[in-house]
Protein chains: 2
Amino acid sequence: MARDDRPIGVFDSGIGGLTVLKEIFRALPGENTIYLGDTARVPYGSKSGETVVRYSLEIAEFLVKQGIKLFVVACNTASAYAIPELKKRLKIPVIGVIEPGAKAAIEATRTKRVGIIGTEGTIKSNSYVNAINALMNNKTENIIEHGEKSLDRYFEIRSGDFVIFTKACPLFVSLAEEGWTSNDIALLTAEHYLRGIKKENPDTLVLGCTHYPVLKDAISKVMGPEIKLIDSAVETVKVIGDILKNRNILRDSTEKPSRKFYVTDSPERFVKVGERFLEQKIEYIEKIVVSC
Amino acid sequence: MARDDRPIGVFDSGIGGLTVLKEIFRALPGENTIYLGDTARVPYGSKSGETVVRYSLEIAEFLVKQGIKLFVVACNTASAYAIPELKKRLKIPVIGVIEPGAKAAIEATRTKRVGIIGTEGTIKSNSYVNAINALMNNKTENIIEHGEKSLDRYFEIRSGDFVIFTKACPLFVSLAEEGWTSNDIALLTAEHYLRGIKKENPDTLVLGCTHYPVLKDAISKVMGPEIKLIDSAVETVKVIGDILKNRNILRDSTEKPSRKFYVTDSPERFVKVGERFLEQKIEYIEKIVVSC
């Protein structure tokens, strides 16, 4: 078997993508990795598609120059907006988190009533619904808007025999970054955001933002223990493993892998929050400037 | 009296600085204005000083090219980090929001026990304390850290006969942007953040972030009706008026002023939230790219 030492490039707007990186460490422990968090411009979730595409292309250019063998977009908003453009421009495989999450939701649901939560950008792009449609060969027939105020607003989307409920939960990212993951504010915020979807009785809920697994406990408490929560990190890394194997580009070594981190703002805060996320030390980190 | 048609340039990371702009509309209604919200890179509060200085210089360069007569930094984080560098580089007057806020706090307090709340960047920079020290000719003698976890952490700073309590409240910006300004989550978050400072019994609290006046009701409910809240917008615009008068560069016209807006991300969301903030229509808005 060929041995390919080139690193896997993992990109996120900030720390959320570390949930994907951690799963790479677990499932593909021999691989060299480079993680890039665009912390000078985080968050992406409230920004426009055009801006998110521009940022993603700048990051991709930097990581490709580092000689990566695979580009992982470990950010739902960037996956929602930038994957087609990235695939067009890059010569290496590009993996987003949305298709693996959509696939897992299809496999998990029994009732075909699926909830999807994410940032404003991810929900607005409808990319999870489009991914489910593509995989099921369905077409969206009907979109109903529920709730008058932005707080209560969620969408009911009918595609084939699927009924999909989508809801933007912008405050979840701030809560995760602040480390307020299971206190009363996290719980109350989850109750506010999720009560509309909960009433609709889905059996599966996609955590459509790489930050959200950190709030799993609060979300699960509100939705009830019987609901299946889909964490795209695990699903995405399964796809990455398959691609490395199929293309015969696994590192396949027992030598200690190199695990580098780059950020676009000062590393101090990233290291503090990141080591808590990863439950391990960050040994190599460097600040870079990607724009200009 | 000379008539100076050049606009006032007002800069913020996003929409928070609109509280200052609104006060300019009220107190200096004849002035032409240009507002720039760096919405592609908002928020600044959690970013490093170095990055915030770089962003501020880029924005200043753009606004100076538009021929402004005065540069207002309507963002506490940018004021905290970038004012010295901006003053060094720009030939026009540069006004931040911190000195006016500090001055107002000194005038308002009777007990000389003052609370200051702001973003992580503003609190970390200690710039309000430094401004109070400069105005009072005091020196910081002692800093005591209270609270073990980040949620509970606040600082007690003794300078001369002042005792100043500072506390970072990062989630307040997300709440203001989401429009959750007086619901139970806003109130509970305010209770969490403010309970340490409240126990210390200050008589004055500086809202050290241009977003925070939007949460005034929730903050006041937690702190009690007797506490004086300092809104830097009002104080800053008093200083702006004095400078225009003293330099004899008021517009001094009854012709309808021009009020332009620039943003670095798509205008759609800015217009929606901005018109709510300003309580008036935004007629001219354009998206620009400042970096590169």
# chains A, B, ... in the order shown; residues from 1 in each chain; ligands from 1

$ closest_atom_pairs --of "chain B" --to "chain A" --cutoff "9 Å" --atoms "only C-alpha atoms" --output "CSV"
residue,atom,partner,partner_atom,distance
B:Thr39,CA,A:Lys47,CA,7.7
B:Ala40,CA,A:Lys47,CA,6.5
B:Arg41,CA,A:Arg41,CA,4.6
B:Val42,CA,A:Arg41,CA,7.0
B:Pro43,CA,A:Val42,CA,7.8
B:Tyr44,CA,A:Ala40,CA,8.5
B:Ser46,CA,A:Arg269,CA,8.6
B:Lys47,CA,A:Ala40,CA,6.4
B:Ser48,CA,A:Ser266,CA,5.8
B:Gly49,CA,A:Ser266,CA,8.7
B:Glu50,CA,A:Ser266,CA,8.0
B:Thr51,CA,A:Asp265,CA,6.4
B:Val52,CA,A:Ala40,CA,8.9
B:Ser150,CA,A:Glu178,CA,8.6
B:Leu151,CA,A:Glu178,CA,8.5
B:Pro170,CA,A:Glu178,CA,7.8
B:Leu171,CA,A:Ser174,CA,6.6
B:Ser174,CA,A:Leu171,CA,6.6
B:Leu175,CA,A:Leu171,CA,7.6
B:Glu178,CA,A:Pro170,CA,7.8
B:Gly179,CA,A:Ser150,CA,8.9
B:Trp180,CA,A:Leu151,CA,8.6
B:Asp184,CA,A:Leu188,CA,8.5
B:Ile185,CA,A:Ile185,CA,6.5
B:Leu188,CA,A:Ile185,CA,6.8
B:Thr189,CA,A:Ile185,CA,6.8
B:Thr264,CA,A:Thr51,CA,8.7
B:Asp265,CA,A:Thr51,CA,6.4
B:Ser266,CA,A:Ser48,CA,5.8
B:Glu268,CA,A:Ser48,CA,8.9
B:Arg269,CA,A:Ser46,CA,8.6
B:Ser291,CA,A:Cys292,CA,6.8
B:Cys292,CA,A:Cys292,CA,5.0

$ select_by_dssp --residues "stretch 208-244 of chain B" --states "helix (DSSP H, G or I)" --output "number ranges by chain"
B: 212-223, 232-244

$ write_last_selection --atoms "C-alpha atoms" --output "PDB file, in the first residue's frame"
ATOM      1  CA  TYR B 212     -25.388  47.590  25.366  1.00  0.00           C
ATOM      2  CA  PRO B 213     -27.776  50.582  25.476  1.00  0.00           C
ATOM      3  CA  VAL B 214     -30.177  48.327  23.568  1.00  0.00           C
ATOM      4  CA  LEU B 215     -30.246  46.058  26.652  1.00  0.00           C
ATOM      5  CA  LYS B 216     -30.684  48.974  29.063  1.00  0.00           C
ATOM      6  CA  ASP B 217     -34.018  47.729  30.427  1.00  0.00           C
ATOM      7  CA  ALA B 218     -32.742  44.267  31.347  1.00  0.00           C
ATOM      8  CA  ILE B 219     -29.519  45.688  32.839  1.00  0.00           C
ATOM      9  CA  SER B 220     -31.411  48.301  34.833  1.00  0.00           C
ATOM     10  CA  LYS B 221     -33.887  45.721  36.124  1.00  0.00           C
ATOM     11  CA  VAL B 222     -31.023  43.576  37.453  1.00  0.00           C
ATOM     12  CA  MET B 223     -28.940  46.440  38.882  1.00  0.00           C
ATOM     13  CA  SER B 232     -21.313  56.760  25.889  1.00  0.00           C
ATOM     14  CA  ALA B 233     -23.217  57.671  22.713  1.00  0.00           C
ATOM     15  CA  VAL B 234     -24.683  60.815  24.270  1.00  0.00           C
ATOM     16  CA  GLU B 235     -21.366  61.830  25.857  1.00  0.00           C
ATOM     17  CA  THR B 236     -19.379  61.214  22.684  1.00  0.00           C
ATOM     18  CA  VAL B 237     -21.655  63.366  20.563  1.00  0.00           C
ATOM     19  CA  LYS B 238     -21.296  66.242  23.066  1.00  0.00           C
ATOM     20  CA  VAL B 239     -17.530  66.092  22.472  1.00  0.00           C
ATOM     21  CA  ILE B 240     -18.032  65.928  18.686  1.00  0.00           C
ATOM     22  CA  GLY B 241     -20.228  69.040  18.812  1.00  0.00           C
ATOM     23  CA  ASP B 242     -17.622  70.939  20.850  1.00  0.00           C
ATOM     24  CA  ILE B 243     -14.823  70.077  18.432  1.00  0.00           C
ATOM     25  CA  LEU B 244     -16.849  71.115  15.363  1.00  0.00           C
TER      26      LEU B 244
END

$ atom_distance --atom1 "atom CA of A:Ala80" --atom2 "atom CA of B:Asp38"
22.8 Å

$ closest_residue --among "A:Val263, A:Val163, A:Val97, A:Ile8" --to "A:Val64" --atoms "only C-alpha atoms"
A:Ile8

$ residues_around --residues "B:Ile164" --least-positions-apart "2" --cutoff "6 Å" --atoms "only C-alpha atoms" --output "PyMOL selection string"
chain B and resi 113-115+156-157

$ write_last_selection --atoms "N, CA and C atoms" --output "mmCIF file, in the first residue's frame"
data_model
loop_
_atom_site.group_PDB
_atom_site.id
_atom_site.type_symbol
_atom_site.label_atom_id
_atom_site.label_comp_id
_atom_site.auth_asym_id
_atom_site.auth_seq_id
_atom_site.Cartn_x
_atom_site.Cartn_y
_atom_site.Cartn_z
ATOM 1 N N ARG B 113 -17.628 54.456 43.555
ATOM 2 C CA ARG B 113 -17.638 53.020 43.254
ATOM 3 C C ARG B 113 -18.330 52.869 41.891
ATOM 4 N N VAL B 114 -17.540 52.548 40.861
ATOM 5 C CA VAL B 114 -18.031 52.572 39.482
ATOM 6 C C VAL B 114 -17.890 51.189 38.847
ATOM 7 N N GLY B 115 -18.943 50.726 38.194
ATOM 8 C CA GLY B 115 -18.876 49.471 37.440
ATOM 9 C C GLY B 115 -18.665 49.745 35.961
ATOM 10 N N GLU B 156 -11.627 44.010 40.569
ATOM 11 C CA GLU B 156 -11.795 45.152 41.457
ATOM 12 C C GLU B 156 -10.487 45.931 41.380
ATOM 13 N N ILE B 157 -10.593 47.179 40.931
ATOM 14 C CA ILE B 157 -9.388 47.961 40.660
ATOM 15 C C ILE B 157 -9.416 49.227 41.493
#

$ atom_distance --atom1 "atom CA of A:Asp252" --atom2 "atom CA of A:Val94"
20.8 Å

$ atom_distance --atom1 "atom CA of A:Glu286" --atom2 "atom CA of A:Thr181"
28.0 Å

$ residues_around --residues "stretch 198-208 of chain B" --least-positions-apart "4" --cutoff "6 Å" --atoms "only C-alpha atoms" --output "PyMOL selection string"
chain B and resi 109+113-118+194+212+227-231

$ select_by_dssp --residues "stretch 25-269 of chain B" --states "strand (DSSP E or B)" --output "PyMOL selection string"
chain B and resi 33-37+70-73+94-96+113-118+140-146+154-159+162-168+204-207+228-231+259-263

$ write_last_selection --atoms "C-alpha atoms" --output "PDB file, in the first residue's frame"
ATOM      1  CA  THR B  33     -22.501  61.621   7.749  1.00  0.00           C
ATOM      2  CA  ILE B  34     -20.894  58.456   6.453  1.00  0.00           C
ATOM      3  CA  TYR B  35     -21.296  55.340   8.576  1.00  0.00           C
ATOM      4  CA  LEU B  36     -19.151  52.281   7.975  1.00  0.00           C
ATOM      5  CA  GLY B  37     -20.027  48.940   9.582  1.00  0.00           C
ATOM      6  CA  LEU B  70     -13.731  63.993  11.676  1.00  0.00           C
ATOM      7  CA  PHE B  71     -13.270  60.285  12.410  1.00  0.00           C
ATOM      8  CA  VAL B  72     -15.531  58.813  15.093  1.00  0.00           C
ATOM      9  CA  VAL B  73     -14.628  55.378  16.439  1.00  0.00           C
ATOM     10  CA  VAL B  94     -10.152  61.220  15.969  1.00  0.00           C
ATOM     11  CA  ILE B  95     -12.839  60.715  18.639  1.00  0.00           C
ATOM     12  CA  GLY B  96     -13.371  57.472  20.532  1.00  0.00           C
ATOM     13  CA  ARG B 113     -17.638  53.020  43.254  1.00  0.00           C
ATOM     14  CA  VAL B 114     -18.031  52.572  39.482  1.00  0.00           C
ATOM     15  CA  GLY B 115     -18.876  49.471  37.440  1.00  0.00           C
ATOM     16  CA  ILE B 116     -17.726  49.014  33.852  1.00  0.00           C
ATOM     17  CA  ILE B 117     -19.050  46.331  31.499  1.00  0.00           C
ATOM     18  CA  GLY B 118     -17.883  45.647  27.943  1.00  0.00           C
ATOM     19  CA  THR B 140      -3.874  52.021  39.623  1.00  0.00           C
ATOM     20  CA  GLU B 141      -2.655  50.701  42.954  1.00  0.00           C
ATOM     21  CA  ASN B 142      -4.216  47.302  43.171  1.00  0.00           C
ATOM     22  CA  ILE B 143      -6.134  44.797  41.019  1.00  0.00           C
ATOM     23  CA  ILE B 144      -8.046  41.987  42.702  1.00  0.00           C
ATOM     24  CA  GLU B 145      -9.550  39.166  40.653  1.00  0.00           C
ATOM     25  CA  HIS B 146     -12.846  37.807  41.980  1.00  0.00           C
ATOM     26  CA  TYR B 154     -14.736  40.248  37.607  1.00  0.00           C
ATOM     27  CA  PHE B 155     -12.004  42.662  38.619  1.00  0.00           C
ATOM     28  CA  GLU B 156     -11.795  45.152  41.457  1.00  0.00           C
ATOM     29  CA  ILE B 157      -9.388  47.961  40.660  1.00  0.00           C
ATOM     30  CA  ARG B 158      -8.329  50.604  43.174  1.00  0.00           C
ATOM     31  CA  SER B 159      -7.038  53.925  41.811  1.00  0.00           C
ATOM     32  CA  PHE B 162     -11.969  55.239  43.132  1.00  0.00           C
ATOM     33  CA  VAL B 163     -12.934  51.587  43.313  1.00  0.00           C
ATOM     34  CA  ILE B 164     -13.732  50.303  39.823  1.00  0.00           C
ATOM     35  CA  PHE B 165     -15.358  46.961  39.053  1.00  0.00           C
ATOM     36  CA  THR B 166     -14.954  45.594  35.525  1.00  0.00           C
ATOM     37  CA  LYS B 167     -16.679  42.643  33.900  1.00  0.00           C
ATOM     38  CA  ALA B 168     -16.740  41.222  30.362  1.00  0.00           C
ATOM     39  CA  THR B 204     -22.757  54.133  38.456  1.00  0.00           C
ATOM     40  CA  LEU B 205     -22.410  51.588  35.659  1.00  0.00           C
ATOM     41  CA  VAL B 206     -20.728  52.374  32.342  1.00  0.00           C
ATOM     42  CA  LEU B 207     -22.251  50.552  29.343  1.00  0.00           C
ATOM     43  CA  LYS B 228     -26.901  55.446  37.038  1.00  0.00           C
ATOM     44  CA  LEU B 229     -26.242  53.908  33.604  1.00  0.00           C
ATOM     45  CA  ILE B 230     -23.737  55.770  31.420  1.00  0.00           C
ATOM     46  CA  ASP B 231     -24.469  55.582  27.684  1.00  0.00           C
ATOM     47  CA  ARG B 259     -26.477  60.212   5.235  1.00  0.00           C
ATOM     48  CA  LYS B 260     -24.535  57.429   3.582  1.00  0.00           C
ATOM     49  CA  PHE B 261     -23.890  53.913   4.836  1.00  0.00           C
ATOM     50  CA  TYR B 262     -21.173  51.482   3.830  1.00  0.00           C
ATOM     51  CA  VAL B 263     -20.886  47.875   4.929  1.00  0.00           C
TER      52      VAL B 263
END

$ decode --residues "stretch 150-214 of chain B" --atoms "C-alpha atoms" --output "JSON list (two decimals), in the first residue's frame"
[["chain", "number", "residue", "atom", "x", "y", "z"],
["B", 150, "SER", "CA", -15.01, 32.82, 33.63],
["B", 151, "LEU", "CA", -18.72, 33.35, 34.23],
["B", 152, "ASP", "CA", -18.15, 34.72, 37.71],
["B", 153, "ARG", "CA", -14.87, 36.51, 37.08],
["B", 154, "TYR", "CA", -14.74, 40.25, 37.61],
["B", 155, "PHE", "CA", -12.00, 42.66, 38.62],
["B", 156, "GLU", "CA", -11.79, 45.15, 41.46],
["B", 157, "ILE", "CA", -9.39, 47.96, 40.66],
["B", 158, "ARG", "CA", -8.33, 50.60, 43.17],
["B", 159, "SER", "CA", -7.04, 53.93, 41.81],
["B", 160, "GLY", "CA", -6.84, 56.91, 44.15],
["B", 161, "ASP", "CA", -10.19, 57.14, 45.93],
["B", 162, "PHE", "CA", -11.97, 55.24, 43.13],
["B", 163, "VAL", "CA", -12.93, 51.59, 43.31],
["B", 164, "ILE", "CA", -13.73, 50.30, 39.82],
["B", 165, "PHE", "CA", -15.36, 46.96, 39.05],
["B", 166, "THR", "CA", -14.95, 45.59, 35.52],
["B", 167, "LYS", "CA", -16.68, 42.64, 33.90],
["B", 168, "ALA", "CA", -16.74, 41.22, 30.36],
["B", 169, "CYS", "CA", -20.24, 40.31, 29.12],
["B", 170, "PRO", "CA", -19.59, 38.75, 25.68],
["B", 171, "LEU", "CA", -23.09, 37.36, 25.12],
["B", 172, "PHE", "CA", -24.79, 40.77, 25.35],
["B", 173, "VAL", "CA", -23.74, 41.61, 21.76],
["B", 174, "SER", "CA", -25.31, 38.42, 20.37],
["B", 175, "LEU", "CA", -28.50, 39.12, 22.34],
["B", 176, "ALA", "CA", -28.70, 42.69, 20.99],
["B", 177, "GLU", "CA", -28.09, 41.54, 17.42],
["B", 178, "GLU", "CA", -30.72, 38.80, 17.79],
["B", 179, "GLY", "CA", -33.21, 41.36, 19.11],
["B", 180, "TRP", "CA", -33.59, 39.49, 22.42],
["B", 181, "THR", "CA", -33.39, 42.63, 24.50],
["B", 182, "SER", "CA", -35.98, 42.16, 27.21],
["B", 183, "ASN", "CA", -37.11, 38.53, 27.21],
["B", 184, "ASP", "CA", -36.35, 36.04, 29.98],
["B", 185, "ILE", "CA", -33.04, 34.98, 28.39],
["B", 186, "ALA", "CA", -31.79, 38.59, 28.31],
["B", 187, "LEU", "CA", -32.77, 39.00, 31.93],
["B", 188, "LEU", "CA", -31.21, 35.71, 33.06],
["B", 189, "THR", "CA", -27.98, 36.46, 31.17],
["B", 190, "ALA", "CA", -27.82, 39.91, 32.77],
["B", 191, "GLU", "CA", -28.34, 38.34, 36.19],
["B", 192, "HIS", "CA", -25.50, 35.86, 35.60],
["B", 193, "TYR", "CA", -23.07, 38.48, 34.37],
["B", 194, "LEU", "CA", -23.91, 41.25, 36.83],
["B", 195, "ARG", "CA", -24.42, 39.52, 40.16],
["B", 196, "GLY", "CA", -20.75, 39.86, 41.17],
["B", 197, "ILE", "CA", -20.57, 43.58, 40.43],
["B", 198, "LYS", "CA", -24.00, 44.24, 41.93],
["B", 199, "LYS", "CA", -22.89, 42.81, 45.29],
["B", 200, "GLU", "CA", -20.11, 45.44, 45.33],
["B", 201, "ASN", "CA", -22.73, 48.16, 45.33],
["B", 202, "PRO", "CA", -21.49, 50.69, 42.76],
["B", 203, "ASP", "CA", -23.68, 53.77, 42.16],
["B", 204, "THR", "CA", -22.76, 54.13, 38.46],
["B", 205, "LEU", "CA", -22.41, 51.59, 35.66],
["B", 206, "VAL", "CA", -20.73, 52.37, 32.34],
["B", 207, "LEU", "CA", -22.25, 50.55, 29.34],
["B", 208, "GLY", "CA", -18.85, 50.12, 27.74],
["B", 209, "CYS", "CA", -20.03, 48.70, 24.42],
["B", 210, "THR", "CA", -22.16, 50.55, 21.89],
["B", 211, "HIS", "CA", -24.51, 47.55, 21.70],
["B", 212, "TYR", "CA", -25.39, 47.59, 25.37],
["B", 213, "PRO", "CA", -27.78, 50.58, 25.48],
["B", 214, "VAL", "CA", -30.18, 48.33, 23.57]]
